[in-house]
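The structure file run.txt is reproduced below (compact mmCIF, C-alpha atoms).
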```
# COMPACT_ATOMS: atom_id res chain seq x y z
CA MET A 1 -15.27 -18.52 -9.33
CA SER A 2 -11.66 -17.75 -8.64
CA THR A 3 -9.96 -16.82 -5.43
CA ALA A 4 -8.92 -13.27 -4.69
CA ARG A 5 -5.28 -14.23 -5.28
CA GLU A 6 -6.05 -15.80 -8.64
CA ALA A 7 -8.08 -12.77 -9.73
CA VAL A 8 -5.24 -10.39 -8.88
CA GLU A 9 -2.62 -12.56 -10.58
CA ALA A 10 -4.77 -12.71 -13.72
CA TYR A 11 -5.36 -8.94 -13.59
CA TRP A 12 -1.67 -8.06 -13.59
CA LEU A 13 -0.87 -10.67 -16.23
CA ALA A 14 -3.55 -9.27 -18.54
CA ALA A 15 -2.29 -5.71 -17.94
CA GLU A 16 1.32 -6.70 -18.65
CA GLU A 17 0.25 -8.44 -21.86
CA ARG A 18 -2.06 -5.56 -22.86
CA ASP A 19 -4.75 -8.21 -23.17
CA TRP A 20 -7.60 -5.74 -22.72
CA ALA A 21 -10.33 -8.25 -23.53
CA GLY A 22 -8.96 -10.55 -20.87
CA PHE A 23 -8.56 -7.62 -18.52
CA ALA A 24 -12.17 -6.56 -19.05
CA ALA A 25 -13.37 -10.08 -18.29
CA LEU A 26 -11.83 -9.89 -14.81
CA VAL A 27 -13.62 -6.77 -13.59
CA ALA A 28 -17.29 -6.26 -12.74
CA ALA A 29 -19.50 -4.19 -15.05
CA ASP A 30 -19.81 -1.58 -12.28
CA VAL A 31 -16.19 -1.71 -11.15
CA LEU A 32 -15.03 1.32 -9.17
CA TYR A 33 -11.44 2.57 -9.33
CA GLU A 34 -10.06 5.21 -7.00
CA ALA A 35 -6.60 6.74 -6.70
CA LEU A 36 -6.62 8.46 -3.31
CA GLN A 37 -3.46 10.49 -3.93
CA SER A 38 -4.80 12.22 -7.04
CA ARG A 39 -8.52 12.01 -6.14
CA GLU A 40 -9.19 10.25 -9.45
CA ARG A 41 -12.15 7.96 -9.85
CA VAL A 42 -13.27 5.74 -12.73
CA ARG A 43 -16.60 3.91 -12.82
CA SER A 44 -17.66 1.00 -15.05
CA ARG A 45 -15.81 -1.70 -16.90
CA ASP A 46 -15.66 0.13 -20.22
CA ALA A 47 -14.30 3.32 -18.69
CA TYR A 48 -11.80 1.39 -16.62
CA VAL A 49 -10.45 -0.52 -19.59
CA ARG A 50 -10.05 2.77 -21.49
CA PHE A 51 -8.33 4.36 -18.51
CA ASN A 52 -5.79 1.53 -18.43
CA SER A 53 -5.32 1.10 -22.16
CA GLU A 54 -5.23 4.83 -23.06
CA GLY A 55 -4.42 6.70 -19.87
CA PHE A 56 -0.74 5.90 -19.49
CA PRO A 57 2.37 6.32 -21.62
CA GLY A 58 3.33 3.05 -23.28
CA GLY A 59 6.32 0.89 -22.72
CA TRP A 60 5.91 0.12 -19.03
CA HIS A 61 6.37 -3.32 -17.54
CA GLN A 62 5.55 -4.54 -14.10
CA THR A 63 6.37 -7.44 -11.89
CA VAL A 64 4.22 -8.57 -9.02
CA GLU A 65 6.37 -8.62 -5.90
CA ARG A 66 3.78 -9.72 -3.39
CA ILE A 67 0.10 -10.47 -2.98
CA VAL A 68 -1.57 -10.58 0.44
CA ALA A 69 -4.90 -12.26 -0.17
CA ALA A 70 -7.89 -12.96 2.01
CA ASP A 71 -11.20 -14.46 0.87
CA ARG A 72 -12.76 -11.57 -1.01
CA GLU A 73 -10.01 -8.97 -0.84
CA ALA A 74 -6.34 -8.72 -1.63
CA VAL A 75 -3.47 -6.25 -1.81
CA SER A 76 -0.74 -6.40 -4.43
CA LEU A 77 2.67 -4.79 -4.35
CA ILE A 78 4.08 -4.37 -7.83
CA ARG A 79 7.19 -2.77 -9.26
CA MET A 80 6.61 -0.65 -12.34
CA ARG A 81 9.47 -0.13 -14.73
CA TYR A 82 9.26 2.72 -17.21
CA PRO A 83 11.06 3.03 -20.54
CA ASP A 84 13.44 5.65 -19.10
CA GLY A 85 14.73 3.08 -16.61
CA SER A 86 12.96 4.50 -13.60
CA GLU A 87 11.02 2.26 -11.27
CA GLN A 88 8.23 2.80 -8.80
CA PRO A 89 6.34 0.60 -6.38
CA GLY A 90 2.57 0.41 -6.71
CA LEU A 91 0.11 -0.86 -4.13
CA SER A 92 -3.42 -1.85 -5.06
CA ILE A 93 -6.28 -2.94 -2.83
CA PHE A 94 -8.79 -5.20 -4.58
CA ASP A 95 -12.32 -6.17 -3.59
CA ILE A 96 -13.70 -9.31 -5.19
CA GLY A 97 -17.38 -10.13 -5.65
CA GLY A 98 -19.04 -13.45 -5.05
CA ASP A 99 -18.70 -14.23 -8.76
CA GLY A 100 -14.92 -13.79 -8.59
CA LEU A 101 -14.93 -10.49 -10.49
CA ILE A 102 -13.00 -7.48 -9.22
CA THR A 103 -15.48 -4.89 -7.97
CA ARG A 104 -13.18 -2.20 -6.62
CA ILE A 105 -9.56 -1.17 -6.96
CA THR A 106 -7.88 1.48 -4.83
CA ASP A 107 -4.30 2.15 -5.68
CA PHE A 108 -1.27 4.06 -4.50
CA TRP A 109 1.95 5.11 -6.20
CA PRO A 110 4.44 6.08 -3.52
CA ASP A 111 7.40 8.17 -4.70
CA ALA A 112 10.92 7.96 -3.36
CA TYR A 113 11.89 10.59 -0.77
CA GLU A 114 14.80 11.52 1.45
CA PRO A 115 14.12 10.98 5.16
CA PRO A 116 14.46 13.88 7.60
CA ALA A 117 17.87 14.31 9.22
CA SER A 118 16.17 14.19 12.63
CA ARG A 119 15.97 10.42 12.54
CA ALA A 120 19.32 9.72 10.88
CA GLY A 121 20.66 8.15 14.07
CA LEU A 122 17.73 5.79 14.35
CA VAL A 123 17.91 4.04 10.96
CA GLU A 124 20.23 2.44 8.44
CA ARG A 125 20.02 3.41 4.78
CA TYR A 126 20.26 0.75 2.11
CA GLU A 127 20.63 0.66 -1.68
CA MET B 1 -1.05 -16.74 19.57
CA SER B 2 -3.08 -14.03 17.88
CA THR B 3 -4.21 -13.74 14.32
CA ALA B 4 -2.53 -11.41 11.86
CA ARG B 5 -5.52 -9.06 12.06
CA GLU B 6 -5.43 -8.96 15.85
CA ALA B 7 -1.69 -8.29 15.85
CA VAL B 8 -2.06 -5.37 13.46
CA GLU B 9 -5.01 -3.91 15.37
CA ALA B 10 -3.02 -4.11 18.62
CA TYR B 11 0.04 -2.56 16.93
CA TRP B 12 -1.82 0.55 15.78
CA LEU B 13 -3.67 0.90 19.07
CA ALA B 14 -0.39 0.78 21.01
CA ALA B 15 1.18 3.33 18.65
CA GLU B 16 -1.79 5.65 18.94
CA GLU B 17 -1.65 5.41 22.74
CA ARG B 18 2.17 5.76 22.81
CA ASP B 19 2.14 2.55 24.82
CA TRP B 20 5.71 1.66 23.89
CA ALA B 21 5.91 -1.28 26.29
CA GLY B 22 2.79 -2.74 24.74
CA PHE B 23 4.13 -1.92 21.29
CA ALA B 24 7.43 -3.69 22.04
CA ALA B 25 5.57 -6.79 23.20
CA LEU B 26 3.94 -7.13 19.77
CA VAL B 27 7.11 -7.29 17.68
CA ALA B 28 9.74 -10.01 17.47
CA ALA B 29 13.19 -9.44 19.00
CA ASP B 30 14.68 -9.49 15.50
CA VAL B 31 11.92 -7.48 13.83
CA LEU B 32 12.89 -5.91 10.50
CA TYR B 33 11.42 -2.63 9.35
CA GLU B 34 11.90 -1.24 5.85
CA ALA B 35 10.61 1.92 4.19
CA LEU B 36 11.14 1.31 0.48
CA GLN B 37 10.62 4.93 -0.54
CA SER B 38 13.39 6.30 1.66
CA ARG B 39 15.55 3.14 1.76
CA GLU B 40 15.42 3.20 5.54
CA ARG B 41 15.85 0.03 7.54
CA VAL B 42 15.61 -0.67 11.26
CA ARG B 43 16.56 -4.00 12.83
CA SER B 44 15.66 -5.32 16.28
CA ARG B 45 12.88 -4.64 18.74
CA ASP B 46 14.77 -2.05 20.77
CA ALA B 47 15.82 -0.05 17.74
CA TYR B 48 12.34 -0.24 16.28
CA VAL B 49 10.68 1.03 19.44
CA ARG B 50 13.16 3.93 19.54
CA PHE B 51 12.51 4.69 15.87
CA ASN B 52 8.79 4.93 16.54
CA SER B 53 8.94 6.71 19.88
CA GLU B 54 11.73 9.18 18.98
CA GLY B 55 11.87 9.35 15.19
CA PHE B 56 8.75 11.37 14.46
CA PRO B 57 7.42 14.76 15.49
CA GLY B 58 4.79 14.41 18.21
CA GLY B 59 1.10 15.14 18.06
CA TRP B 60 0.10 12.78 15.28
CA HIS B 61 -2.98 10.60 15.43
CA GLN B 62 -4.02 7.81 13.16
CA THR B 63 -7.11 5.86 12.36
CA VAL B 64 -7.08 2.43 10.80
CA GLU B 65 -9.20 2.54 7.67
CA ARG B 66 -8.77 -1.03 6.52
CA ILE B 67 -6.92 -4.23 7.26
CA VAL B 68 -6.60 -7.01 4.67
CA ALA B 69 -5.46 -10.02 6.66
CA ALA B 70 -4.40 -13.51 5.69
CA ASP B 71 -3.03 -16.16 8.02
CA ARG B 72 0.50 -14.89 8.70
CA GLU B 73 0.47 -11.60 6.82
CA ALA B 74 -1.65 -8.48 6.64
CA VAL B 75 -1.78 -5.03 5.10
CA SER B 76 -3.16 -1.99 6.89
CA LEU B 77 -4.31 1.27 5.38
CA ILE B 78 -4.23 4.06 7.92
CA ARG B 79 -4.86 7.78 7.80
CA MET B 80 -2.33 9.89 9.65
CA ARG B 81 -3.38 13.28 10.91
CA TYR B 82 -0.67 15.78 11.84
CA PRO B 83 -0.97 18.71 14.23
CA ASP B 84 -0.99 21.19 11.32
CA GLY B 85 -4.21 19.59 10.05
CA SER B 86 -2.63 17.76 7.14
CA GLU B 87 -3.44 14.13 6.51
CA GLN B 88 -1.69 11.32 4.71
CA PRO B 89 -2.49 7.70 3.96
CA GLY B 90 -0.05 5.07 5.12
CA LEU B 91 0.17 1.46 3.94
CA SER B 92 2.01 -1.17 5.94
CA ILE B 93 2.68 -4.80 5.08
CA PHE B 94 3.11 -7.02 8.13
CA ASP B 95 4.57 -10.51 8.44
CA ILE B 96 3.60 -12.47 11.51
CA GLY B 97 5.57 -15.32 13.04
CA GLY B 98 4.18 -18.57 14.34
CA ASP B 99 4.17 -17.08 17.86
CA GLY B 100 1.92 -14.23 16.72
CA LEU B 101 4.68 -11.61 16.91
CA ILE B 102 5.27 -9.18 14.08
CA THR B 103 8.52 -10.12 12.33
CA ARG B 104 8.61 -7.64 9.48
CA ILE B 105 7.00 -4.33 8.56
CA THR B 106 7.33 -2.67 5.18
CA ASP B 107 5.58 0.63 4.86
CA PHE B 108 4.68 3.29 2.36
CA TRP B 109 3.64 6.92 2.71
CA PRO B 110 2.10 8.03 -0.58
CA ASP B 111 1.86 11.79 -1.10
CA ALA B 112 -0.93 13.58 -2.91
CA TYR B 113 -0.24 14.55 -6.53
CA GLU B 114 -1.98 16.12 -9.49
CA PRO B 115 -2.68 13.68 -12.33
CA PRO B 116 -1.35 14.41 -15.82
CA ALA B 117 -3.66 16.35 -18.13
CA SER B 118 -3.32 13.54 -20.70
CA ARG B 119 -5.84 11.40 -18.88
CA ALA B 120 -8.25 14.16 -17.84
CA GLY B 121 -10.94 12.83 -20.19
CA LEU B 122 -10.71 9.34 -18.75
CA VAL B 123 -11.37 10.05 -15.07
CA GLU B 124 -13.54 11.98 -12.65
CA ARG B 125 -11.95 14.01 -9.85
CA TYR B 126 -13.45 13.95 -6.37
CA GLU B 127 -12.98 15.86 -3.14
```

Give the structure from the file, written as structure tokens.
Amino acid sequence: MSTAREAVEAYWLAAEERDWAGFAALVAADVLYEALQSRERVRSRDAYVRFNSEGFPGGWHQTVERIVAADREAVSLIRMRYPDGSEQPGLSIFDIGGDGLITRITDFWPDAYEPPASRAGLVERYE
Amino acid sequence: MSTAREAVEAYWLAAEERDWAGFAALVAADVLYEALQSRERVRSRDAYVRFNSEGFPGGWHQTVERIVAADREAVSLIRMRYPDGSEQPGLSIFDIGGDGLITRITDFWPDAYEPPASRAGLVERYE
């Protein structure tokens, strides 16, 4: 049994290495994935491995910037880097079962945006 | 001294109630706010209270959907509801000082999007 933090670290390492057998071994047979922004849902280990291994253009790399971990749940903040040089943060909420396997993943891919002029006097901008 | 979870619960309650004095009492004098998507930054309690009380159109309400809390850090997932009926998830990462005050907030406002057709066979869509 691993901790929530260890499970999430192993998950992102397996994804980065395209180690799909290792990735599969980290998630429960009935794992549930949801992307709230796109209303996408994937159920079961086999479908989830396919979604990750086949559902995205190749050549991406990610680095884990932060993990906030409790006992049976954790949130990761990653930075995805695409082959065209663009980057995007990704946030994922993980639920972990008593056996240490990941039972649920809910993730978010927030895009960059320009803030409204109405609050320009209330903030700094940074690079 | 409160726990990270209690601090985050109190923060969202004060914001929802527009209790800006109560809100101010929850954050450190040198609190740092960053919105990575818009590269906005706000420093100090006074500036951060102004940003929240003056920087957004009125009439919003939020409900806290989930808090993942560790000892000195937490992540909240909220649902914002705007007067026009639209809704948006918001994710906020909180750091908590030894005195229980919030020292740093990093938040994300992910917009809805349509997924690429290339992975249509790998996912379900839901309402």

Do me a favour and pick out the residues of chain A within 9 Å of chain B, using only C-alpha atoms, as a VMD selection string. chain A and resid 36 to 43 47 to 48 50 to 51 54 to 56 68 to 71 73 to 75 88 to 89 91 93 108 to 115 118 to 127

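Atom CA of A:Ser44 sits 23.9 Å away from atom CA of A:Gln62.
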
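Near B:Ser86, within a cut-off of 10 Å and counting only C-alpha atoms, sit the residues B:Trp60, B:Met80, B:Arg81, with same-chain residues fewer than 5 positions away left out.
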
Figure out the distance between atom CA of B:Val27 and atom CA of B:Gly59, please, to one decimal in Å. 23.2 Å

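Atom pair atom CA of B:Arg79 / atom CA of B:Arg5 has a distance of 17.4 Å (rounded to one decimal).
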
Quick one: residues within 8 Å of A:Ala10, only C-alpha atoms counted, chain neighbours fewer than 4 positions away excluded, as JSON, numbers by chain? {"A": [6, 14, 23, 26]}

Where atoms are lacking, stretch 24-60 of chain B completed to N, CA and C atoms, as a PDB file, in the coordinates of the input:
```pdb
ATOM      1  N   ALA B  24       6.259  -2.806  22.068  1.00  0.00           N
ATOM      2  CA  ALA B  24       7.430  -3.690  22.040  1.00  0.00           C
ATOM      3  C   ALA B  24       7.023  -5.157  22.165  1.00  0.00           C
ATOM      4  N   ALA B  25       5.991  -5.416  22.954  1.00  0.00           N
ATOM      5  CA  ALA B  25       5.570  -6.790  23.200  1.00  0.00           C
ATOM      6  C   ALA B  25       4.911  -7.434  21.974  1.00  0.00           C
ATOM      7  N   LEU B  26       4.606  -6.620  20.965  1.00  0.00           N
ATOM      8  CA  LEU B  26       3.940  -7.130  19.770  1.00  0.00           C
ATOM      9  C   LEU B  26       4.917  -7.509  18.655  1.00  0.00           C
ATOM     10  N   VAL B  27       6.154  -7.055  18.767  1.00  0.00           N
ATOM     11  CA  VAL B  27       7.110  -7.290  17.680  1.00  0.00           C
ATOM     12  C   VAL B  27       8.199  -8.260  18.131  1.00  0.00           C
ATOM     13  N   ALA B  28       8.707  -9.015  17.183  1.00  0.00           N
ATOM     14  CA  ALA B  28       9.740 -10.010  17.470  1.00  0.00           C
ATOM     15  C   ALA B  28      11.056  -9.315  17.847  1.00  0.00           C
ATOM     16  N   ALA B  29      11.890 -10.005  18.588  1.00  0.00           N
ATOM     17  CA  ALA B  29      13.190  -9.440  19.000  1.00  0.00           C
ATOM     18  C   ALA B  29      14.030  -9.047  17.783  1.00  0.00           C
ATOM     19  N   ASP B  30      13.894  -9.791  16.700  1.00  0.00           N
ATOM     20  CA  ASP B  30      14.680  -9.490  15.500  1.00  0.00           C
ATOM     21  C   ASP B  30      13.810  -8.880  14.394  1.00  0.00           C
ATOM     22  N   VAL B  31      12.817  -8.113  14.800  1.00  0.00           N
ATOM     23  CA  VAL B  31      11.920  -7.480  13.830  1.00  0.00           C
ATOM     24  C   VAL B  31      12.726  -6.663  12.819  1.00  0.00           C
ATOM     25  N   LEU B  32      12.242  -6.670  11.591  1.00  0.00           N
ATOM     26  CA  LEU B  32      12.890  -5.910  10.500  1.00  0.00           C
ATOM     27  C   LEU B  32      11.875  -4.933   9.927  1.00  0.00           C
ATOM     28  N   TYR B  33      12.265  -3.671   9.927  1.00  0.00           N
ATOM     29  CA  TYR B  33      11.420  -2.630   9.350  1.00  0.00           C
ATOM     30  C   TYR B  33      12.107  -2.067   8.115  1.00  0.00           C
ATOM     31  N   GLU B  34      11.349  -1.899   7.028  1.00  0.00           N
ATOM     32  CA  GLU B  34      11.900  -1.240   5.850  1.00  0.00           C
ATOM     33  C   GLU B  34      10.887  -0.254   5.273  1.00  0.00           C
ATOM     34  N   ALA B  35      11.404   0.911   4.913  1.00  0.00           N
ATOM     35  CA  ALA B  35      10.610   1.920   4.190  1.00  0.00           C
ATOM     36  C   ALA B  35      11.226   2.002   2.796  1.00  0.00           C
ATOM     37  N   LEU B  36      10.541   1.421   1.815  1.00  0.00           N
ATOM     38  CA  LEU B  36      11.140   1.310   0.480  1.00  0.00           C
ATOM     39  C   LEU B  36      11.368   2.670  -0.176  1.00  0.00           C
ATOM     40  N   GLN B  37      10.503   3.637   0.132  1.00  0.00           N
ATOM     41  CA  GLN B  37      10.620   4.930  -0.540  1.00  0.00           C
ATOM     42  C   GLN B  37      11.883   5.679  -0.140  1.00  0.00           C
ATOM     43  N   SER B  38      12.245   5.560   1.128  1.00  0.00           N
ATOM     44  CA  SER B  38      13.390   6.300   1.660  1.00  0.00           C
ATOM     45  C   SER B  38      14.600   5.403   1.886  1.00  0.00           C
ATOM     46  N   ARG B  39      14.463   4.107   1.560  1.00  0.00           N
ATOM     47  CA  ARG B  39      15.550   3.140   1.760  1.00  0.00           C
ATOM     48  C   ARG B  39      16.034   3.176   3.201  1.00  0.00           C
ATOM     49  N   GLU B  40      15.085   3.260   4.125  1.00  0.00           N
ATOM     50  CA  GLU B  40      15.420   3.200   5.540  1.00  0.00           C
ATOM     51  C   GLU B  40      15.138   1.795   6.061  1.00  0.00           C
ATOM     52  N   ARG B  41      15.992   1.372   6.969  1.00  0.00           N
ATOM     53  CA  ARG B  41      15.850   0.030   7.540  1.00  0.00           C
ATOM     54  C   ARG B  41      16.158   0.124   9.033  1.00  0.00           C
ATOM     55  N   VAL B  42      15.374  -0.600   9.823  1.00  0.00           N
ATOM     56  CA  VAL B  42      15.610  -0.670  11.260  1.00  0.00           C
ATOM     57  C   VAL B  42      15.536  -2.138  11.643  1.00  0.00           C
ATOM     58  N   ARG B  43      16.524  -2.595  12.421  1.00  0.00           N
ATOM     59  CA  ARG B  43      16.560  -4.000  12.830  1.00  0.00           C
ATOM     60  C   ARG B  43      16.516  -4.060  14.350  1.00  0.00           C
ATOM     61  N   SER B  44      15.778  -4.959  14.861  1.00  0.00           N
ATOM     62  CA  SER B  44      15.660  -5.320  16.280  1.00  0.00           C
ATOM     63  C   SER B  44      14.560  -4.532  16.983  1.00  0.00           C
ATOM     64  N   ARG B  45      13.987  -5.206  17.963  1.00  0.00           N
ATOM     65  CA  ARG B  45      12.880  -4.640  18.740  1.00  0.00           C
ATOM     66  C   ARG B  45      13.258  -3.313  19.386  1.00  0.00           C
ATOM     67  N   ASP B  46      14.402  -3.275  20.052  1.00  0.00           N
ATOM     68  CA  ASP B  46      14.770  -2.050  20.770  1.00  0.00           C
ATOM     69  C   ASP B  46      14.925  -0.874  19.810  1.00  0.00           C
ATOM     70  N   ALA B  47      15.620  -1.125  18.712  1.00  0.00           N
ATOM     71  CA  ALA B  47      15.820  -0.050  17.740  1.00  0.00           C
ATOM     72  C   ALA B  47      14.500   0.381  17.118  1.00  0.00           C
ATOM     73  N   TYR B  48      13.616  -0.573  16.923  1.00  0.00           N
ATOM     74  CA  TYR B  48      12.340  -0.240  16.280  1.00  0.00           C
ATOM     75  C   TYR B  48      11.424   0.555  17.213  1.00  0.00           C
ATOM     76  N   VAL B  49      11.462   0.236  18.477  1.00  0.00           N
ATOM     77  CA  VAL B  49      10.680   1.030  19.440  1.00  0.00           C
ATOM     78  C   VAL B  49      11.240   2.450  19.502  1.00  0.00           C
ATOM     79  N   ARG B  50      12.565   2.581  19.530  1.00  0.00           N
ATOM     80  CA  ARG B  50      13.160   3.930  19.540  1.00  0.00           C
ATOM     81  C   ARG B  50      12.790   4.696  18.279  1.00  0.00           C
ATOM     82  N   PHE B  51      12.864   4.041  17.144  1.00  0.00           N
ATOM     83  CA  PHE B  51      12.510   4.690  15.870  1.00  0.00           C
ATOM     84  C   PHE B  51      11.092   5.243  15.934  1.00  0.00           C
ATOM     85  N   ASN B  52      10.184   4.476  16.473  1.00  0.00           N
ATOM     86  CA  ASN B  52       8.790   4.930  16.540  1.00  0.00           C
ATOM     87  C   ASN B  52       8.561   5.973  17.633  1.00  0.00           C
ATOM     88  N   SER B  53       9.221   5.808  18.759  1.00  0.00           N
ATOM     89  CA  SER B  53       8.940   6.710  19.880  1.00  0.00           C
ATOM     90  C   SER B  53       9.725   8.021  19.780  1.00  0.00           C
ATOM     91  N   GLU B  54      10.871   7.992  19.033  1.00  0.00           N
ATOM     92  CA  GLU B  54      11.730   9.180  18.980  1.00  0.00           C
ATOM     93  C   GLU B  54      11.902   9.748  17.572  1.00  0.00           C
ATOM     94  N   GLY B  55      11.510   8.986  16.562  1.00  0.00           N
ATOM     95  CA  GLY B  55      11.870   9.350  15.190  1.00  0.00           C
ATOM     96  C   GLY B  55      10.889  10.275  14.487  1.00  0.00           C
ATOM     97  N   PHE B  56       9.783  10.592  15.144  1.00  0.00           N
ATOM     98  CA  PHE B  56       8.750  11.370  14.460  1.00  0.00           C
ATOM     99  C   PHE B  56       8.319  12.545  15.331  1.00  0.00           C
ATOM    100  N   PRO B  57       7.957  13.647  14.713  1.00  0.00           N
ATOM    101  CA  PRO B  57       7.420  14.760  15.490  1.00  0.00           C
ATOM    102  C   PRO B  57       6.155  14.323  16.220  1.00  0.00           C
ATOM    103  N   GLY B  58       5.941  14.837  17.402  1.00  0.00           N
ATOM    104  CA  GLY B  58       4.790  14.410  18.210  1.00  0.00           C
ATOM    105  C   GLY B  58       3.472  14.977  17.690  1.00  0.00           C
ATOM    106  N   GLY B  59       2.417  14.554  18.328  1.00  0.00           N
ATOM    107  CA  GLY B  59       1.100  15.140  18.060  1.00  0.00           C
ATOM    108  C   GLY B  59       0.328  14.505  16.938  1.00  0.00           C
ATOM    109  N   TRP B  60       0.853  13.447  16.343  1.00  0.00           N
ATOM    110  CA  TRP B  60       0.100  12.780  15.280  1.00  0.00           C
ATOM    111  C   TRP B  60      -0.949  11.837  15.880  1.00  0.00           C
TER     112      TRP B  60
END
```
